[in-house]
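One structure is given here, and the rest of the page talks about it.
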Amino acid sequence: MHQPDQPSTCDIEVRVRYAEVDQMGVVHHSRYLEYFEMGRTELLRQGGVSYRQWEQRGILLVVVRASVSYHAPARYDDLLVITTTLDRVGGVKIEHGYKLTRKDDGVLVASGSTTLGCIDRSGKIVPLPPEITGRMKGLRDS
């Protein structure tokens, strides 16, 4: 089902906090996965789906694959734009792509991807519910 009012890409801004930088004054490599999570959470929310709603139904999404490529340093107080794209929706998994750029100069800081798998509370792999799959495919196809 095509739902043109729902985005397949979401941009959010985040300002680098002091606690996120390492001793060299650059964002620690582990923080980029947190930025990715912020982006995909907001993309889903803007599309009318939230992780909280899924969890209340006993549907959990777990990261089964993540990759990050680092292109340029981000530093304390930089304003970053996180662009998150819904790349693929399958029967039991969802794939996202990410680009982080520095807002003031447009430099690509990092890029990456994640694959999320759908499980129930016992840890068993389960299919994405049809209404969620439809919404996610609507996001991707818009």
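In the structure tokens, chains take letters A, B, ... by order of appearance, with residues numbered from 1 within each chain and ligands from 1 in the order shown.
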
Could you pull the residues within 9 Å of range 120-130 of chain A, counting only C-alpha atoms, minus those fewer than 6 positions along the same chain, as a short mmCIF file (atom, residue, chain, number, x, y, z; two decimals) with N, CA, C and O atoms, in the first residue's frame?
```
data_model
loop_
_atom_site.label_atom_id
_atom_site.label_comp_id
_atom_site.auth_asym_id
_atom_site.auth_seq_id
_atom_site.Cartn_x
_atom_site.Cartn_y
_atom_site.Cartn_z
N GLU A 55 6.62 -2.73 21.06
CA GLU A 55 6.96 -3.45 22.28
C GLU A 55 5.73 -3.76 23.11
O GLU A 55 5.65 -4.82 23.74
N GLY A 58 4.38 -6.90 22.15
CA GLY A 58 5.28 -8.04 22.29
C GLY A 58 6.20 -8.25 21.11
O GLY A 58 6.81 -9.30 20.96
N ILE A 59 6.31 -7.24 20.26
CA ILE A 59 7.18 -7.31 19.08
C ILE A 59 8.45 -6.53 19.39
O ILE A 59 8.41 -5.35 19.70
N LEU A 60 9.58 -7.21 19.30
CA LEU A 60 10.86 -6.58 19.60
C LEU A 60 11.72 -6.58 18.34
O LEU A 60 11.72 -7.55 17.57
N LEU A 61 12.44 -5.50 18.14
CA LEU A 61 13.37 -5.40 17.01
C LEU A 61 14.78 -5.38 17.58
O LEU A 61 15.11 -4.53 18.41
N GLY A 90 11.51 -6.82 4.92
CA GLY A 90 11.29 -8.23 4.58
C GLY A 90 10.25 -8.83 5.51
O GLY A 90 9.59 -8.13 6.28
N GLY A 91 10.15 -10.13 5.48
CA GLY A 91 9.18 -10.81 6.32
C GLY A 91 9.50 -10.73 7.80
O GLY A 91 8.60 -10.63 8.64
N VAL A 92 10.79 -10.75 8.13
CA VAL A 92 11.20 -10.73 9.54
C VAL A 92 12.28 -9.68 9.83
O VAL A 92 12.78 -9.60 10.93
N LYS A 93 12.65 -8.88 8.82
CA LYS A 93 13.72 -7.91 9.07
C LYS A 93 13.47 -6.59 8.33
O LYS A 93 12.72 -6.52 7.36
#
```

DSSP-assigned strand (DSSP E or B) members of range 35-76 of chain A, reported as a ChimeraX atom specification: /A:60-70,75

Mind checking which residues fall within 10 Å of range 9-25 of chain A, counting only C-alpha atoms, ignoring those fewer than 5 positions away in the same chain, and posting them as number ranges by chain? A: 30-32, 35, 38-47, 73-87, 96-103, 139-140, 142

Select from chain A everything DSSP, run on the backbone, classes as helix (DSSP H, G or I), then give the selection as an mmCIF file with N, CA, C and O atoms, in the first residue's frame.
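The resulting file, selection-v6.cif, is shown below:
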```
data_model
loop_
_atom_site.group_PDB
_atom_site.id
_atom_site.type_symbol
_atom_site.label_atom_id
_atom_site.label_comp_id
_atom_site.auth_asym_id
_atom_site.auth_seq_id
_atom_site.Cartn_x
_atom_site.Cartn_y
_atom_site.Cartn_z
ATOM 1 N N TYR A 18 29.629 17.124 24.978
ATOM 2 C CA TYR A 18 30.987 16.913 25.476
ATOM 3 C C TYR A 18 31.214 15.455 25.888
ATOM 4 O O TYR A 18 32.272 14.890 25.638
ATOM 5 N N ALA A 19 30.209 14.827 26.491
ATOM 6 C CA ALA A 19 30.339 13.447 26.954
ATOM 7 C C ALA A 19 30.502 12.454 25.805
ATOM 8 O O ALA A 19 30.871 11.309 26.035
ATOM 9 N N GLU A 20 30.241 12.885 24.579
ATOM 10 C CA GLU A 20 30.330 11.985 23.426
ATOM 11 C C GLU A 20 31.696 11.979 22.751
ATOM 12 O O GLU A 20 31.929 11.187 21.844
ATOM 13 N N ARG A 31 29.579 6.055 19.447
ATOM 14 C CA ARG A 31 28.425 6.960 19.490
ATOM 15 C C ARG A 31 27.632 6.965 18.179
ATOM 16 O O ARG A 31 26.457 7.303 18.164
ATOM 17 N N TYR A 32 28.282 6.599 17.096
ATOM 18 C CA TYR A 32 27.604 6.651 15.806
ATOM 19 C C TYR A 32 26.433 5.671 15.746
ATOM 20 O O TYR A 32 25.410 5.974 15.131
ATOM 21 N N LEU A 33 26.549 4.530 16.393
ATOM 22 C CA LEU A 33 25.424 3.590 16.431
ATOM 23 C C LEU A 33 24.259 4.179 17.227
ATOM 24 O O LEU A 33 23.094 3.932 16.900
ATOM 25 N N GLU A 34 24.561 4.968 18.245
ATOM 26 C CA GLU A 34 23.497 5.661 18.981
ATOM 27 C C GLU A 34 22.817 6.692 18.085
ATOM 28 O O GLU A 34 21.587 6.835 18.119
ATOM 29 N N TYR A 35 23.597 7.417 17.293
ATOM 30 C CA TYR A 35 23.016 8.377 16.358
ATOM 31 C C TYR A 35 22.116 7.651 15.350
ATOM 32 O O TYR A 35 21.036 8.134 15.013
ATOM 33 N N PHE A 36 22.570 6.492 14.872
ATOM 34 C CA PHE A 36 21.755 5.715 13.934
ATOM 35 C C PHE A 36 20.419 5.340 14.580
ATOM 36 O O PHE A 36 19.363 5.427 13.952
ATOM 37 N N GLU A 37 20.466 4.924 15.828
ATOM 38 C CA GLU A 37 19.231 4.553 16.522
ATOM 39 C C GLU A 37 18.280 5.745 16.633
ATOM 40 O O GLU A 37 17.068 5.611 16.429
ATOM 41 N N MET A 38 18.826 6.912 16.921
ATOM 42 C CA MET A 38 18.000 8.111 16.993
ATOM 43 C C MET A 38 17.310 8.364 15.657
ATOM 44 O O MET A 38 16.118 8.686 15.606
ATOM 45 N N GLY A 39 18.043 8.196 14.578
ATOM 46 C CA GLY A 39 17.494 8.437 13.251
ATOM 47 C C GLY A 39 16.393 7.461 12.881
ATOM 48 O O GLY A 39 15.328 7.861 12.407
ATOM 49 N N ARG A 40 16.627 6.168 13.108
ATOM 50 C CA ARG A 40 15.594 5.194 12.707
ATOM 51 C C ARG A 40 14.367 5.279 13.603
ATOM 52 O O ARG A 40 13.247 5.087 13.140
ATOM 53 N N THR A 41 14.552 5.611 14.873
ATOM 54 C CA THR A 41 13.413 5.786 15.766
ATOM 55 C C THR A 41 12.536 6.939 15.284
ATOM 56 O O THR A 41 11.311 6.827 15.242
ATOM 57 N N GLU A 42 13.161 8.032 14.895
ATOM 58 C CA GLU A 42 12.393 9.182 14.425
ATOM 59 C C GLU A 42 11.744 8.903 13.072
ATOM 60 O O GLU A 42 10.611 9.322 12.826
ATOM 61 N N LEU A 43 12.424 8.193 12.193
ATOM 62 C CA LEU A 43 11.830 7.828 10.901
ATOM 63 C C LEU A 43 10.555 7.023 11.113
ATOM 64 O O LEU A 43 9.522 7.297 10.508
ATOM 65 N N LEU A 44 10.620 6.044 12.003
ATOM 66 C CA LEU A 44 9.432 5.233 12.289
ATOM 67 C C LEU A 44 8.331 6.088 12.906
ATOM 68 O O LEU A 44 7.154 5.972 12.536
ATOM 69 N N ARG A 45 8.696 6.949 13.833
ATOM 70 C CA ARG A 45 7.713 7.808 14.493
ATOM 71 C C ARG A 45 7.021 8.720 13.472
ATOM 72 O O ARG A 45 5.798 8.879 13.480
ATOM 73 N N GLN A 46 7.787 9.311 12.579
ATOM 74 C CA GLN A 46 7.200 10.190 11.560
ATOM 75 C C GLN A 46 6.289 9.415 10.617
ATOM 76 O O GLN A 46 5.375 9.991 10.035
ATOM 77 N N TYR A 51 8.537 2.431 18.294
ATOM 78 C CA TYR A 51 9.049 1.226 18.954
ATOM 79 C C TYR A 51 8.195 0.876 20.168
ATOM 80 O O TYR A 51 7.932 -0.275 20.433
ATOM 81 N N ARG A 52 7.776 1.885 20.891
ATOM 82 C CA ARG A 52 6.970 1.648 22.093
ATOM 83 C C ARG A 52 5.702 0.880 21.747
ATOM 84 O O ARG A 52 5.333 -0.076 22.432
ATOM 85 N N GLN A 53 5.014 1.277 20.674
ATOM 86 C CA GLN A 53 3.802 0.568 20.260
ATOM 87 C C GLN A 53 4.107 -0.891 19.922
ATOM 88 O O GLN A 53 3.339 -1.784 20.253
ATOM 89 N N TRP A 54 5.210 -1.110 19.245
ATOM 90 C CA TRP A 54 5.584 -2.483 18.879
ATOM 91 C C TRP A 54 5.837 -3.306 20.131
ATOM 92 O O TRP A 54 5.373 -4.432 20.254
ATOM 93 N N GLU A 55 6.616 -2.730 21.062
ATOM 94 C CA GLU A 55 6.957 -3.453 22.278
ATOM 95 C C GLU A 55 5.727 -3.764 23.112
ATOM 96 O O GLU A 55 5.646 -4.821 23.735
ATOM 97 N N GLN A 56 4.757 -2.867 23.133
ATOM 98 C CA GLN A 56 3.520 -3.118 23.874
ATOM 99 C C GLN A 56 2.760 -4.310 23.296
ATOM 100 O O GLN A 56 2.007 -4.960 24.008
ATOM 101 N N PRO A 130 1.420 -8.036 9.632
ATOM 102 C CA PRO A 130 1.056 -7.485 8.321
ATOM 103 C C PRO A 130 0.775 -5.985 8.333
ATOM 104 O O PRO A 130 1.167 -5.277 7.402
ATOM 105 N N GLU A 131 0.115 -5.471 9.369
ATOM 106 C CA GLU A 131 -0.179 -4.035 9.370
ATOM 107 C C GLU A 131 1.096 -3.214 9.522
ATOM 108 O O GLU A 131 1.209 -2.116 8.982
ATOM 109 N N ILE A 132 2.078 -3.747 10.233
ATOM 110 C CA ILE A 132 3.352 -3.039 10.374
ATOM 111 C C ILE A 132 4.151 -3.161 9.078
ATOM 112 O O ILE A 132 4.722 -2.192 8.596
ATOM 113 N N THR A 133 4.156 -4.337 8.491
ATOM 114 C CA THR A 133 4.852 -4.529 7.220
ATOM 115 C C THR A 133 4.284 -3.582 6.171
ATOM 116 O O THR A 133 5.026 -2.938 5.428
ATOM 117 N N GLY A 134 2.954 -3.469 6.124
ATOM 118 C CA GLY A 134 2.319 -2.565 5.166
ATOM 119 C C GLY A 134 2.723 -1.122 5.384
ATOM 120 O O GLY A 134 3.030 -0.398 4.434
ATOM 121 N N ARG A 135 2.746 -0.696 6.634
ATOM 122 C CA ARG A 135 3.158 0.676 6.941
ATOM 123 C C ARG A 135 4.610 0.914 6.551
ATOM 124 O O ARG A 135 4.957 1.954 6.000
ATOM 125 N N MET A 136 5.476 -0.067 6.875
ATOM 126 C CA MET A 136 6.893 0.083 6.558
ATOM 127 C C MET A 136 7.110 0.096 5.060
ATOM 128 O O MET A 136 7.916 0.879 4.554
ATOM 129 N N LYS A 137 6.403 -0.761 4.327
ATOM 130 C CA LYS A 137 6.540 -0.744 2.866
ATOM 131 C C LYS A 137 6.001 0.561 2.303
ATOM 132 O O LYS A 137 6.541 1.091 1.333
ATOM 133 N N GLY A 138 4.975 1.120 2.936
ATOM 134 C CA GLY A 138 4.484 2.430 2.532
ATOM 135 C C GLY A 138 5.537 3.510 2.721
ATOM 136 O O GLY A 138 5.703 4.392 1.896
ATOM 137 N N LEU A 139 6.285 3.419 3.815
ATOM 138 C CA LEU A 139 7.375 4.350 4.051
ATOM 139 C C LEU A 139 8.427 4.225 2.958
ATOM 140 O O LEU A 139 8.891 5.200 2.394
ATOM 141 N N ARG A 140 8.813 2.978 2.670
ATOM 142 C CA ARG A 140 9.874 2.731 1.708
ATOM 143 C C ARG A 140 9.485 3.150 0.306
ATOM 144 O O ARG A 140 10.291 3.670 -0.453
ATOM 145 N N ASP A 141 8.232 2.912 -0.078
ATOM 146 C CA ASP A 141 7.796 3.152 -1.442
ATOM 147 C C ASP A 141 7.389 4.594 -1.715
ATOM 148 O O ASP A 141 7.132 4.952 -2.845
#
```

What does the distance between CA of Cys118 in chain A and CA of Ala66 in chain A come to in Å, to one decimal place?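 Between these atoms lies a distance of 15.3 Å.
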
Between CA of Arg57 in chain A and CA of Glu95 in chain A, what is the spacing in Å?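 Going from CA of Glu95 in chain A over to CA of Arg57 in chain A, I get 21.0 Å.
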
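You will find CA of Ser113 in chain A at 9.3 Å from CA of Ser69 in chain A.
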